[in-house]
Amino acid sequence: MTESRGGATWFKAQLMRTLRREFALVMRFDAAVPAAPIAAPSAACQLYVHVPFCESLCPFCSFHRVQYREEKSRVYFEMLRREIRLYRDRGFTFGDVYVGGGTPTVNPRELIETLRLIRSCWPIRTLSVETNPNHLRPQVLDALQGAGVNRLSVGVQSFDDTLLRAMRRYEPYGGGAQIAARLAAIRGRFPTLNVDMIFNFAAQSLQSLERDLAMVRELEVSQVSFYPLMTAASTSRRMEKQLGVAEPGREFEFYGRILERLRPDYQPSSAWCFSRAAPGVGPRRIDEYVTQQDDYVGVGSGAFSYVGGRMYSTTFSLNRYRERIEAGESGITGCKVLTLRQRMRYDFLVRLFGLSLPHAFIAAKYGRSFWWRMAPELAAMRLIGATRCDTDAIRLTERGMYCWMVLMSEFFTAVNAFRDQMRLHIRAEAPHPVGMDPGQAARGAGAK
Ligand SMILES: C[S@@+](CC[C@H](N)C(=O)[O-])C[C@H]1O[C@@H](n2cnc3c(N)ncnc32)[C@H](O)[C@@H]1O
Ligand code: SF4
């Protein structure tokens with residue numbers, strides 16, 4: 001009996017390993033081809049705006065980010081606005097905007113001008129901006145509110161000073177008590193105030209995580225995103241040096257503790273994002289822009305788009321970005337055409353990350369063929385106990401939330417591998433006279 005149960009557990013673990021590998025393949029850009037311009041979809045889609053500058057570069061971060069220089073950021077924002085106008089002139093319609101980074105608020109004046117432009121082009125419903133705790137100053141906050149930002153996302157990572165020092169965030173972005181005071185001071189100012197946290201740092205103990213969870217609850221922020229620490233080849237060495245090597249298997253225990261401590265006050269809106277279940281906290285929002293809508297367009301350097309079953313990437317070189325924009329082109333330099341099966345897998349992964357995949361969505365987009373083409377994945381997830389099929393939708397179970405946290409982190413690790421690859425290309429570029437040194441992106445982003 002015990003042996004057969006052990007065998008079943010082993011089989012499910014193998015199955016999960018295969019699924020992790022298979023789903024990560026969707027984000028492999030090995031076959032990326034030069035891209036034709038994106039054709040405007042008939043419906044409104046989401047706009048993602050990437051601002052790659054940061055005042056200080058965290059050793060664990062594998063996003064596209066470079067050291068902030070005011071002059072460079074001014075040129076960059078000007079290019080961004082030109083690219084936004086280009087999409088307007090090509091007939092695109094956007095309803096929801098997510099400005100991420102890097103740190104979008106490094107140059108508030110330029111950011112606000114860009115947000116105003118976006119609002120003048122389209123009737124925007126939701127406007128989400130990422131920031132860091134040191135920017136929670138009255139002047140910046142007033143400007144963001146004035147520009148109609150309705151979701152502010154603050155990168156906290158942890159309130160533990162020892163961890164913040166190891167992450168090299170204590171000096172530039174403030175200590176735990178200071179961050180908590182700043183967050184408490186802005187309670188209720190934005191319809192959604194999200195804080196980004198990370199769990200599973202090697203140097204993080206369960207007690208430290210408990211204290212972080214208690215602080216989040218005490219602050220009553222309207223939303224919290226708890227990311228599992230994700231790796232990239234370019235960051236792993238530095239991360240191990242600064243933060244140590246995490247013991248395998250802790251992720252499960254940590255994630256369980258997060259679910260346990262956040263509920264019932266906070267309810268999951270995705271596998272790693274939790275919204276405060278209280279009246280008057282604003283619309284229910286999801287952290288990752290990819291879960292909310294079918295198609296999204298990314299502008300700026302190092303941004304992704306997904307439109308009509310094609311995945312696009314803009315150039316990671318700030319110089320090449322400027323050259324392309326000045327030539328009247330978008331920043332897009334790579335494209336991957338997803339097969340029908342890959343598109344189904346992408347929707348399966350991303351929608352269920354947001355907890356449910358409605359049957360009506362499947363029927364409208366793929367018809368009945370979804371059920372037989374995706375039969376192996378559907379059966380595997382049911383067998384693992386990750387999903388259940390209700391009359392109106394496929395939904396994640398409690399166990400499924402953990403599985404999806406793992407699958408999504410694998411998916412983003414594949415994105416990180418692609419970012420590393422793109423940064424290597426930049427290092428091969430010749431120096432350029434325009435003042436946006438191409439090597440800067442590679443050095444700044446930790447590709448060395
Ligand atoms: C890319 S940053 C941009 C916003 C801002 N600069 C900040 O630090 O929050 C957004 C969030 O991504 C998360 N993040 C960055 N690197 C990560 C990693 N290696 N693993 C998991 N989450 C990560 C952090 O929680 C961070 O707050
Ligand atoms: S996590 Fe650090 S390096 Fe990454 S975008 Fe935020 S501030 Fe910049």
# chains A, B, ... in the order shown; residues from 1 in each chain; ligands from 1
call {"tool": "residues_near_ligand", "arguments": {"ligand": "ligand 2", "cutoff": "10 Å", "atoms": "only C-alpha atoms and all ligand atoms", "output": "CSV table (one decimal) with N, CA, C and O atoms, in the first residue's frame"}}
result
chain,number,residue,atom,x,y,z
A,51,VAL,N,10.5,50.9,-18.7
A,51,VAL,CA,11.4,52.0,-18.3
A,51,VAL,C,12.6,51.3,-17.7
A,51,VAL,O,12.5,50.8,-16.5
A,52,PRO,N,13.8,51.1,-18.4
A,52,PRO,CA,14.8,50.2,-17.8
A,52,PRO,C,15.8,50.8,-16.8
A,52,PRO,O,16.7,50.1,-16.4
A,53,PHE,N,15.6,52.1,-16.4
A,53,PHE,CA,16.6,52.7,-15.5
A,53,PHE,C,16.3,52.4,-14.0
A,53,PHE,O,15.2,52.4,-13.6
A,54,CYS,N,17.4,52.2,-13.3
A,54,CYS,CA,17.3,52.1,-11.8
A,54,CYS,C,18.5,52.9,-11.2
A,54,CYS,O,19.6,52.9,-11.7
A,55,GLU,N,18.2,53.4,-10.0
A,55,GLU,CA,19.3,54.1,-9.3
A,55,GLU,C,20.3,53.2,-8.8
A,55,GLU,O,21.5,53.6,-8.6
A,56,SER,N,19.9,52.0,-8.4
A,56,SER,CA,20.9,51.0,-7.9
A,56,SER,C,20.4,49.7,-8.4
A,56,SER,O,19.2,49.4,-8.4
A,57,LEU,N,21.4,48.8,-8.8
A,57,LEU,CA,21.0,47.5,-9.5
A,57,LEU,C,21.1,46.4,-8.5
A,57,LEU,O,22.1,46.1,-7.9
A,58,CYS,N,20.0,45.7,-8.2
A,58,CYS,CA,19.9,44.6,-7.3
A,58,CYS,C,20.5,43.4,-7.8
A,58,CYS,O,20.2,43.0,-9.0
A,59,PRO,N,21.3,42.7,-7.0
A,59,PRO,CA,22.0,41.5,-7.6
A,59,PRO,C,21.1,40.3,-8.0
A,59,PRO,O,21.5,39.5,-8.9
A,60,PHE,N,19.9,40.3,-7.5
A,60,PHE,CA,19.0,39.1,-7.8
A,60,PHE,C,18.2,39.4,-9.1
A,60,PHE,O,17.5,38.5,-9.6
A,61,CYS,N,18.2,40.6,-9.6
A,61,CYS,CA,17.2,41.0,-10.6
A,61,CYS,C,17.7,40.7,-12.0
A,61,CYS,O,18.8,41.1,-12.4
A,62,SER,N,16.9,40.0,-12.8
A,62,SER,CA,17.3,39.7,-14.2
A,62,SER,C,16.4,40.4,-15.2
A,62,SER,O,16.4,40.1,-16.4
A,63,PHE,N,15.7,41.4,-14.7
A,63,PHE,CA,14.9,42.2,-15.7
A,63,PHE,C,15.8,43.1,-16.5
A,63,PHE,O,17.0,43.3,-16.1
A,64,HIS,N,15.3,43.7,-17.6
A,64,HIS,CA,16.2,44.6,-18.4
A,64,HIS,C,16.3,45.9,-17.7
A,64,HIS,O,15.3,46.7,-17.6
A,65,ARG,N,17.4,46.2,-17.1
A,65,ARG,CA,17.6,47.4,-16.3
A,65,ARG,C,19.0,47.9,-16.5
A,65,ARG,O,20.0,47.1,-16.6
A,66,VAL,N,19.2,49.2,-16.4
A,66,VAL,CA,20.5,49.8,-16.6
A,66,VAL,C,20.6,50.9,-15.5
A,66,VAL,O,19.6,51.4,-15.0
A,67,GLN,N,21.9,51.3,-15.3
A,67,GLN,CA,22.1,52.4,-14.3
A,67,GLN,C,21.5,53.7,-14.8
A,67,GLN,O,21.7,54.1,-15.9
A,68,TYR,N,20.8,54.4,-13.9
A,68,TYR,CA,20.1,55.6,-14.2
A,68,TYR,C,21.1,56.7,-14.5
A,68,TYR,O,22.0,57.0,-13.7
A,100,GLY,N,6.2,49.4,-16.3
A,100,GLY,CA,7.1,48.6,-15.4
A,100,GLY,C,8.6,48.8,-15.7
A,100,GLY,O,8.9,49.6,-16.6
A,101,GLY,N,9.4,48.1,-15.0
A,101,GLY,CA,10.8,48.4,-15.2
A,101,GLY,C,11.8,47.3,-14.8
A,101,GLY,O,11.3,46.2,-14.6
A,102,GLY,N,13.0,47.8,-14.5
A,102,GLY,CA,13.5,49.1,-14.1
A,102,GLY,C,12.5,49.8,-13.1
A,102,GLY,O,11.7,49.2,-12.5
A,103,THR,N,12.8,51.1,-13.0
A,103,THR,CA,12.0,51.9,-12.1
A,103,THR,C,11.4,53.1,-12.8
A,103,THR,O,12.1,54.1,-13.1
A,104,PRO,N,10.1,53.0,-13.2
A,104,PRO,CA,9.5,54.0,-14.0
A,104,PRO,C,9.5,55.4,-13.4
A,104,PRO,O,9.5,56.4,-14.2
A,130,GLU,N,4.9,50.9,-11.6
A,130,GLU,CA,5.8,50.3,-10.6
A,130,GLU,C,6.8,51.4,-10.0
A,130,GLU,O,7.1,52.3,-10.7
A,131,THR,N,7.1,51.3,-8.8
A,131,THR,CA,8.0,52.2,-8.2
A,131,THR,C,8.8,51.6,-7.0
A,131,THR,O,8.6,50.4,-6.7
A,132,ASN,N,9.7,52.3,-6.4
A,132,ASN,CA,10.5,51.8,-5.3
A,132,ASN,C,10.2,52.7,-4.1
A,132,ASN,O,9.7,53.9,-4.2
A,133,PRO,N,10.4,52.2,-2.9
A,133,PRO,CA,10.0,52.9,-1.6
A,133,PRO,C,10.6,54.3,-1.5
A,133,PRO,O,10.0,55.2,-0.9
A,154,VAL,N,4.7,48.9,-5.3
A,154,VAL,CA,5.9,49.3,-4.7
A,154,VAL,C,6.8,48.0,-4.4
A,154,VAL,O,6.3,47.1,-3.8
A,155,GLY,N,8.0,48.1,-4.8
A,155,GLY,CA,9.0,46.9,-4.6
A,155,GLY,C,9.5,47.0,-3.2
A,155,GLY,O,10.3,47.9,-2.9
A,156,VAL,N,9.1,46.1,-2.4
A,156,VAL,CA,9.6,46.0,-1.0
A,156,VAL,C,10.6,44.8,-0.8
A,156,VAL,O,11.6,45.0,-0.3
A,157,GLN,N,10.2,43.7,-1.3
A,157,GLN,CA,10.9,42.4,-1.2
A,157,GLN,C,10.9,41.8,0.1
A,157,GLN,O,10.6,40.7,0.3
A,167,MET,N,20.6,42.1,-0.1
A,167,MET,CA,20.0,42.4,-1.5
A,167,MET,C,20.6,43.7,-2.0
A,167,MET,O,20.2,44.1,-3.1
A,168,ARG,N,21.4,44.4,-1.2
A,168,ARG,CA,21.9,45.7,-1.6
A,168,ARG,C,20.7,46.7,-1.8
A,168,ARG,O,20.8,47.6,-2.7
A,169,ARG,N,19.7,46.6,-1.1
A,169,ARG,CA,18.6,47.5,-1.2
A,169,ARG,C,18.4,48.5,0.0
A,169,ARG,O,17.7,49.4,-0.1
A,172,PRO,N,20.0,52.2,-0.8
A,172,PRO,CA,19.3,53.0,-1.8
A,172,PRO,C,17.8,53.2,-1.6
A,172,PRO,O,17.2,54.2,-1.9
A,173,TYR,N,17.2,52.1,-1.1
A,173,TYR,CA,15.7,52.1,-1.1
A,173,TYR,C,15.1,52.1,0.4
A,173,TYR,O,13.9,52.2,0.5
A,196,ASP,N,5.4,44.4,-3.8
A,196,ASP,CA,6.0,43.2,-4.3
A,196,ASP,C,7.0,42.6,-3.2
A,196,ASP,O,7.8,43.4,-2.7
A,444,GLY,N,25.1,47.0,-17.0
A,444,GLY,CA,24.1,47.4,-16.0
A,444,GLY,C,23.2,46.2,-15.6
A,444,GLY,O,22.8,46.1,-14.5
A,445,ALA,N,22.8,45.4,-16.6
A,445,ALA,CA,21.9,44.3,-16.3
A,445,ALA,C,22.6,43.1,-15.8
A,445,ALA,O,22.0,42.1,-15.6
A,446,GLY,N,23.9,43.2,-15.5
A,446,GLY,CA,24.5,42.1,-14.8
A,446,GLY,C,24.9,41.0,-15.7
A,446,GLY,O,24.9,39.8,-15.3
call {"tool": "residues_around", "arguments": {"residues": "range 76-92 of chain A", "least_positions_apart": "6", "cutoff": "8 Å", "atoms": "only C-alpha atoms", "output": "ChimeraX atom specification"}}
result
/A:40-41,44,110-111,114,117-118,121,299-300,318,322,325-326,328-331
call {"tool": "closest_residue", "arguments": {"among": "A:Ile38, A:Ala233, A:Ala177, A:Leu144", "to": "ligand 1", "atoms": "only C-alpha atoms and all ligand atoms"}}
result
A:Ala233
call {"tool": "residues_around", "arguments": {"residues": "Met197 in chain A", "least_positions_apart": "2", "cutoff": "9 Å", "atoms": "only C-alpha atoms", "output": "PyMOL selection string"}}
result
chain A and resi 155-158+195+199+212+224-228
call {"tool": "write_last_selection", "arguments": {"atoms": "C-alpha atoms", "output": "PDB file, in the first residue's frame"}}
result
ATOM      1  CA  GLY A 155       8.954  46.935  -4.638  1.00  0.00           C
ATOM      2  CA  VAL A 156       9.584  46.013  -1.003  1.00  0.00           C
ATOM      3  CA  GLN A 157      10.940  42.418  -1.242  1.00  0.00           C
ATOM      4  CA  SER A 158      11.209  42.097   2.561  1.00  0.00           C
ATOM      5  CA  VAL A 195       3.601  45.589  -2.610  1.00  0.00           C
ATOM      6  CA  PHE A 199      10.281  34.529  -0.823  1.00  0.00           C
ATOM      7  CA  ASP A 212       7.035  39.994   6.590  1.00  0.00           C
ATOM      8  CA  VAL A 224       0.492  41.834  -2.231  1.00  0.00           C
ATOM      9  CA  SER A 225       2.488  39.867  -4.795  1.00  0.00           C
ATOM     10  CA  PHE A 226       4.722  37.185  -3.284  1.00  0.00           C
ATOM     11  CA  TYR A 227       7.170  36.091  -5.984  1.00  0.00           C
ATOM     12  CA  PRO A 228       9.251  32.968  -5.609  1.00  0.00           C
TER      13      PRO A 228
END
call {"tool": "residues_around", "arguments": {"residues": "Trp404 in chain A", "least_positions_apart": "5", "cutoff": "9 Å", "atoms": "only C-alpha atoms", "output": "list in words"}}
result
Ala271, Trp272, Leu349, Leu352, Phe353, Ala386, Leu396, Arg399 and Ser409 of chain A
call {"tool": "write_last_selection", "arguments": {"atoms": "all heavy atoms", "output": "PDB file, in the first residue's frame"}}
result
ATOM      1  N   ALA A 271      -1.808  32.921  -8.747  1.00  0.00           N
ATOM      2  CA  ALA A 271      -1.093  31.974  -7.881  1.00  0.00           C
ATOM      3  C   ALA A 271      -0.126  32.677  -6.933  1.00  0.00           C
ATOM      4  O   ALA A 271       0.263  32.112  -5.927  1.00  0.00           O
ATOM      5  CB  ALA A 271      -0.364  30.941  -8.732  1.00  0.00           C
ATOM      6  N   TRP A 272       0.289  33.931  -7.260  1.00  0.00           N
ATOM      7  CA  TRP A 272       1.178  34.594  -6.299  1.00  0.00           C
ATOM      8  C   TRP A 272       0.786  36.047  -6.008  1.00  0.00           C
ATOM      9  O   TRP A 272       1.579  36.816  -5.479  1.00  0.00           O
ATOM     10  CB  TRP A 272       2.645  34.477  -6.687  1.00  0.00           C
ATOM     11  CG  TRP A 272       3.102  35.025  -8.001  1.00  0.00           C
ATOM     12  CD1 TRP A 272       2.839  36.245  -8.533  1.00  0.00           C
ATOM     13  CD2 TRP A 272       3.984  34.354  -8.925  1.00  0.00           C
ATOM     14  NE1 TRP A 272       3.478  36.382  -9.729  1.00  0.00           N
ATOM     15  CE2 TRP A 272       4.189  35.233  -9.997  1.00  0.00           C
ATOM     16  CE3 TRP A 272       4.612  33.093  -8.953  1.00  0.00           C
ATOM     17  CZ2 TRP A 272       5.001  34.908 -11.078  1.00  0.00           C
ATOM     18  CZ3 TRP A 272       5.426  32.766 -10.033  1.00  0.00           C
ATOM     19  CH2 TRP A 272       5.602  33.665 -11.074  1.00  0.00           C
ATOM     20  N   LEU A 349      -1.737  28.065 -19.488  1.00  0.00           N
ATOM     21  CA  LEU A 349      -0.820  28.447 -18.411  1.00  0.00           C
ATOM     22  C   LEU A 349      -1.191  29.806 -17.820  1.00  0.00           C
ATOM     23  O   LEU A 349      -1.348  29.953 -16.608  1.00  0.00           O
ATOM     24  CB  LEU A 349       0.605  28.504 -18.981  1.00  0.00           C
ATOM     25  CG  LEU A 349       1.725  28.812 -18.006  1.00  0.00           C
ATOM     26  CD1 LEU A 349       1.929  27.661 -17.043  1.00  0.00           C
ATOM     27  CD2 LEU A 349       3.030  29.083 -18.750  1.00  0.00           C
ATOM     28  N   LEU A 352      -4.896  30.061 -16.281  1.00  0.00           N
ATOM     29  CA  LEU A 352      -5.047  29.355 -15.006  1.00  0.00           C
ATOM     30  C   LEU A 352      -4.160  29.956 -13.919  1.00  0.00           C
ATOM     31  O   LEU A 352      -4.457  29.822 -12.732  1.00  0.00           O
ATOM     32  CB  LEU A 352      -4.785  27.859 -15.180  1.00  0.00           C
ATOM     33  CG  LEU A 352      -6.030  27.121 -15.657  1.00  0.00           C
ATOM     34  CD1 LEU A 352      -5.701  25.708 -16.099  1.00  0.00           C
ATOM     35  CD2 LEU A 352      -7.108  27.077 -14.575  1.00  0.00           C
ATOM     36  N   PHE A 353      -3.123  30.645 -14.307  1.00  0.00           N
ATOM     37  CA  PHE A 353      -2.334  31.398 -13.324  1.00  0.00           C
ATOM     38  C   PHE A 353      -3.259  32.421 -12.640  1.00  0.00           C
ATOM     39  O   PHE A 353      -3.154  32.689 -11.454  1.00  0.00           O
ATOM     40  CB  PHE A 353      -1.169  32.088 -14.038  1.00  0.00           C
ATOM     41  CG  PHE A 353      -0.347  32.965 -13.140  1.00  0.00           C
ATOM     42  CD1 PHE A 353       0.335  32.441 -12.058  1.00  0.00           C
ATOM     43  CD2 PHE A 353      -0.249  34.330 -13.373  1.00  0.00           C
ATOM     44  CE1 PHE A 353       1.084  33.255 -11.221  1.00  0.00           C
ATOM     45  CE2 PHE A 353       0.497  35.149 -12.560  1.00  0.00           C
ATOM     46  CZ  PHE A 353       1.168  34.602 -11.472  1.00  0.00           C
ATOM     47  N   ALA A 386      -4.146  19.188  -9.784  1.00  0.00           N
ATOM     48  CA  ALA A 386      -3.918  20.636  -9.869  1.00  0.00           C
ATOM     49  C   ALA A 386      -5.143  21.399 -10.364  1.00  0.00           C
ATOM     50  O   ALA A 386      -5.286  22.572 -10.062  1.00  0.00           O
ATOM     51  CB  ALA A 386      -2.733  20.914 -10.801  1.00  0.00           C
ATOM     52  N   LEU A 396      -8.164  26.143 -10.761  1.00  0.00           N
ATOM     53  CA  LEU A 396      -7.040  25.609  -9.982  1.00  0.00           C
ATOM     54  C   LEU A 396      -7.546  25.129  -8.629  1.00  0.00           C
ATOM     55  O   LEU A 396      -8.388  25.778  -8.022  1.00  0.00           O
ATOM     56  CB  LEU A 396      -6.008  26.701  -9.706  1.00  0.00           C
ATOM     57  CG  LEU A 396      -5.031  27.103 -10.812  1.00  0.00           C
ATOM     58  CD1 LEU A 396      -3.888  27.906 -10.219  1.00  0.00           C
ATOM     59  CD2 LEU A 396      -4.472  25.898 -11.540  1.00  0.00           C
ATOM     60  N   ARG A 399      -3.826  22.567  -4.416  1.00  0.00           N
ATOM     61  CA  ARG A 399      -2.552  21.995  -4.847  1.00  0.00           C
ATOM     62  C   ARG A 399      -2.096  22.650  -6.152  1.00  0.00           C
ATOM     63  O   ARG A 399      -0.920  22.883  -6.395  1.00  0.00           O
ATOM     64  CB  ARG A 399      -2.722  20.484  -5.056  1.00  0.00           C
ATOM     65  CG  ARG A 399      -1.452  19.793  -5.518  1.00  0.00           C
ATOM     66  CD  ARG A 399      -1.775  18.396  -5.951  1.00  0.00           C
ATOM     67  NE  ARG A 399      -2.172  17.602  -4.797  1.00  0.00           N
ATOM     68  CZ  ARG A 399      -1.520  16.522  -4.397  1.00  0.00           C
ATOM     69  NH1 ARG A 399      -0.473  16.111  -5.053  1.00  0.00           N
ATOM     70  NH2 ARG A 399      -1.942  15.845  -3.356  1.00  0.00           N
ATOM     71  N   SER A 409       7.042  30.228 -12.476  1.00  0.00           N
ATOM     72  CA  SER A 409       8.404  30.654 -12.184  1.00  0.00           C
ATOM     73  C   SER A 409       9.363  30.029 -13.214  1.00  0.00           C
ATOM     74  O   SER A 409      10.325  30.653 -13.637  1.00  0.00           O
ATOM     75  CB  SER A 409       8.748  30.372 -10.722  1.00  0.00           C
ATOM     76  OG  SER A 409       9.562  29.296 -10.575  1.00  0.00           O
TER      77      SER A 409
END
call {"tool": "select_by_dssp", "arguments": {"residues": "range 317-417 of chain A", "states": "strand (DSSP E)", "output": "PyMOL selection string"}}
result
chain A and resi 332-337+356-358+387-389+393-396
call {"tool": "residues_around", "arguments": {"residues": "Thr333 in chain A", "least_positions_apart": "4", "cutoff": "12 Å", "atoms": "only C-alpha atoms", "output": "number ranges by chain"}}
result
A: 32-38, 299-305, 311-317, 320-321, 324-325, 329, 422
call {"tool": "select_by_dssp", "arguments": {"residues": "range 148-202 of chain A", "states": "helix (DSSP H, G or I)", "output": "PyMOL selection string"}}
result
chain A and resi 161-166+170-173+176-185
call {"tool": "closest_residue", "arguments": {"among": "A:Leu19, A:Thr9, A:Arg116, A:Glu247", "to": "Leu378 in chain A", "atoms": "only C-alpha atoms"}}
result
A:Leu19
call {"tool": "atom_distance", "arguments": {"atom1": "CA of Thr18 in chain A", "atom2": "CA of Thr387 in chain A"}}
result
16.7 Å
